[in-house]
There are 2 protein chains.
Amino acid sequence: MNKIVLACDLGGTNLRMAAIDREGNILYRTKRDTPKSDRADEIVRTIVEQAGECREAVRTSGCVEAIAAAVPATVSVERGMLLKSPNVPCLDGFRMVAALESELSIKAMIENDANAAAVGENWLGASKGFRNSIMVTLGTGVGGGIILNGEVLRGVDGTAGEIGHICVEPFGAPCGCGSRGCVEQYSSASAIVRLTHLMEPQYPKSVLQNKPRLSSADVYDAGKNGDELALEVFRQMGFYLGISMADLVNTLNPEVIVIGGGAAAGWDLFIHHVEEQIRSRAFREPGLRAKLVRAVLGDDAGILGAARLAFD
Amino acid sequence: MNKIVLACDLGGTNLRMAAIDREGNILYRTKRDTPKSDRADEIVRTIVEQAGECREAVRTSGCVEAIAAAVPATVSVERGMLLKSPNVPCLDGFRMVAALESELSIKAMIENDANAAAVGENWLGASKGFRNSIMVTLGTGVGGGIILNGEVLRGVDGTAGEIGHICVEPFGAPCGCGSRGCVEQYSSASAIVRLTHLMEPQYPKSVLQNKPRLSSADVYDAGKNGDELALEVFRQMGFYLGISMADLVNTLNPEVIVIGGGAAAGWDLFIHHVEEQIRSRAFREPGLRAKLVRAVLGDDAGILGAARLAFD
């Protein structure tokens, strides 16, 4: 009988689940709104309902053996517990694995979402075949997952991989984490909007002037049309991302750095600035070694990575 | 028969060797000047002579099984080759392992000196008992060794662990590595002297004014006596070291950070600034986890670490 796992990606907005086989084929998928609740059991109930739907859908295809959830939190993999979950705070300290196992009667596991995405890209995506890779996700924040010698680096408390909070400006913009000048404040999708507003006064002719509900996609579109404000924003965004990547190249000597998330769409406007900083700041040999590649799995990286961890 | 290895620490100034047993006892030691030569074979000849002296000295104590050398270079452990050796350039690309094995007829190996020191402190020193540790050596430069899950992190080319070249000031002081604003420019022993000279004009009453051949030890002595220039130098030195350590706490989530090297002598003047930056910049859980401890093995960390690697 074909072995199947359920993989869930719990985001602040959407709760996505899929039934996935050992080759990474997505046999069935479902998506709901993440319950806007302050109770963990409502989130569990939604997951359980989705799991029932997935199981029913693949009933004749194989045997569902486990469920793995990618969660927006630091995680104790061993204790099956979310430690700190800034975007879904009711899950702080929640023993998700015990709850899912008792509700579903199959083996459950959890993983940090950025780590799961790194594993997904490493299994079936942009870093396939490499044993030492780093994945950076440029979304609302900057997420990170580090894979060394084929293993996710979790650190002693499961909090490793917080690449977004590498400091690139010691007296820079305050960050939600409590520090200042984190790369998240310069290179995330939100940072692209922030930098645009910050520099607007210097670019009175920019098409981005006074644009309502500005998004990073708007800035990219303007940059593609040669708007100087947009180009300067992507220059700074790539400059600071490059500094943090050079730090990682010098400390970890990886084979490949995968860049994903919404702001990766601006790739052609920022990537040469990232490359320039790595070339001018990192040691020569590891700097030449580290390939910069764009993520290919999009939103599926997290569920595929979770599935892979469940199979392992 | 007692098993013994020879461990060598090849510095820019001294070439130190010891015969060491499985418990880490140093049975015999010898020290020479590192040959000021542009020929690798002169360095090999000196090592071979020292090895002969060590073997003779422990002839009745046990059987010498291997030699391990800690070298001031990036290293390909697998190929037994030094890649880049900035302070002993004649060794760039030199196949040290093959040379030593053919001269000595025992198994040979090499390791980067900062990695060897990290292993030494982990075996018998300040990080004993921890599986995830970082060692930072504050000397002429800032060296680094990272141990994760009990293994030295070498990276794919053997160049990992270059903690000294984490960028802490994006437009900061030029560094010998070609980048700018590396922590080495703010927190090494040389940086303490550099910062003192830089800030002298603002502290006309400092005892450090116009002091000939200023050393980091002079600055420390002045600081202990309350000299404000010296205290400000150590504040900045600790501030920037703390930023780089917070980066590593966030990305690697280690159990312990060991600080060694000559400038670690200023511990009581800088460590609270390091702690303050980790507390205010790193995530709470890994920040609380990471103990800051002072190295205990001094100059022996490298040879003990090399010996441990030879026994493994």
# chains A, B, ... in the order shown; residues from 1 in each chain; ligands from 1

$ interface_residues --of "chain B" --to "chain A" --cutoff "6 Å" --atoms "only C-alpha atoms" --output "number ranges by chain"
B: 155, 160-163, 166, 179, 247, 250-253, 281

$ residues_around --residues "segment 185-191 of chain A" --least-positions-apart "3" --cutoff "8 Å" --atoms "only C-alpha atoms" --output "compact mmCIF listing (two decimals) with N, CA and C atoms, in the first residue's frame"
# COMPACT_ATOMS: atom_id res chain seq x y z
N LEU A 138 11.88 36.00 1.99
CA LEU A 138 11.64 37.44 2.09
C LEU A 138 10.14 37.70 2.02
N GLY A 139 9.48 37.68 3.15
CA GLY A 139 8.04 37.93 3.19
C GLY A 139 7.78 39.15 4.04
N THR A 140 6.72 39.09 4.87
CA THR A 140 6.47 40.16 5.83
C THR A 140 7.72 40.37 6.68
N GLY A 141 8.31 39.26 7.08
CA GLY A 141 9.61 39.30 7.75
C GLY A 141 10.65 38.64 6.86
N VAL A 142 11.80 38.33 7.45
CA VAL A 142 12.80 37.54 6.75
C VAL A 142 13.01 36.26 7.54
N ALA A 173 17.14 50.74 12.00
CA ALA A 173 15.70 50.79 12.30
C ALA A 173 15.34 49.77 13.38
N PRO A 174 14.47 50.19 14.34
CA PRO A 174 14.03 49.25 15.37
C PRO A 174 13.29 48.08 14.73
N CYS A 175 13.47 46.89 15.29
CA CYS A 175 12.86 45.68 14.75
C CYS A 175 11.85 45.12 15.77
N GLY A 181 18.23 47.42 13.45
CA GLY A 181 19.08 47.23 12.27
C GLY A 181 19.15 45.80 11.79
N CYS A 182 18.16 44.95 12.14
CA CYS A 182 18.10 43.58 11.62
C CYS A 182 17.87 43.64 10.11
N ARG A 194 8.64 50.20 3.49
CA ARG A 194 9.15 51.16 4.48
C ARG A 194 10.22 52.06 3.88
N LEU A 195 11.17 51.45 3.16
CA LEU A 195 12.26 52.23 2.56
C LEU A 195 11.72 53.19 1.51
N SER A 215 2.54 48.45 -2.18
CA SER A 215 3.06 47.10 -1.91
C SER A 215 4.44 46.96 -2.52
N SER A 216 5.15 45.91 -2.12
CA SER A 216 6.49 45.69 -2.68
C SER A 216 6.37 45.40 -4.18
N GLN A 236 19.39 49.29 -1.93
CA GLN A 236 19.62 49.18 -0.49
C GLN A 236 19.18 47.81 0.03
N MET A 237 18.04 47.35 -0.47
CA MET A 237 17.52 46.05 -0.05
C MET A 237 18.54 44.94 -0.35
N GLY A 238 19.12 44.98 -1.55
CA GLY A 238 20.11 43.98 -1.94
C GLY A 238 21.44 44.16 -1.22
N TYR A 240 21.94 45.31 1.85
CA TYR A 240 21.88 44.79 3.21
C TYR A 240 21.68 43.27 3.24
N LEU A 241 20.87 42.76 2.31
CA LEU A 241 20.73 41.31 2.23
C LEU A 241 22.09 40.68 1.93
N GLY A 262 7.67 36.38 -1.08
CA GLY A 262 7.06 37.34 -2.01
C GLY A 262 8.05 38.32 -2.61
N ALA A 263 8.98 38.85 -1.79
CA ALA A 263 9.88 39.88 -2.29
C ALA A 263 10.95 39.33 -3.23

$ select_by_dssp --residues "segment 157-303 of chain B" --states "strand (DSSP E)" --output "PyMOL selection string"
chain B and resi 256-260+291-294

$ residues_around --residues "Ile257 of chain A" --least-positions-apart "5" --cutoff "7 Å" --atoms "only C-alpha atoms" --output "list in words"
Ser133, Ile134, Met135, Ala290, Lys291, Leu292 and Val293 of chain A

$ atom_distance --atom1 "atom CA of Val71 of chain B" --atom2 "atom CA of Glu111 of chain B"
6.2 Å

$ residues_around --residues "Ile67 of chain B" --least-positions-apart "5" --cutoff "10 Å" --atoms "only C-alpha atoms" --output "PyMOL selection string"
chain B and resi 4-8+17-19+51+97+100-101+104-110+306-307+309-311

$ residues_around --residues "Val44 of chain A" --least-positions-apart "3" --cutoff "10 Å" --atoms "only C-alpha atoms" --output "ChimeraX atom specification"
/A:35,39-41,47-50,96,99-100,103
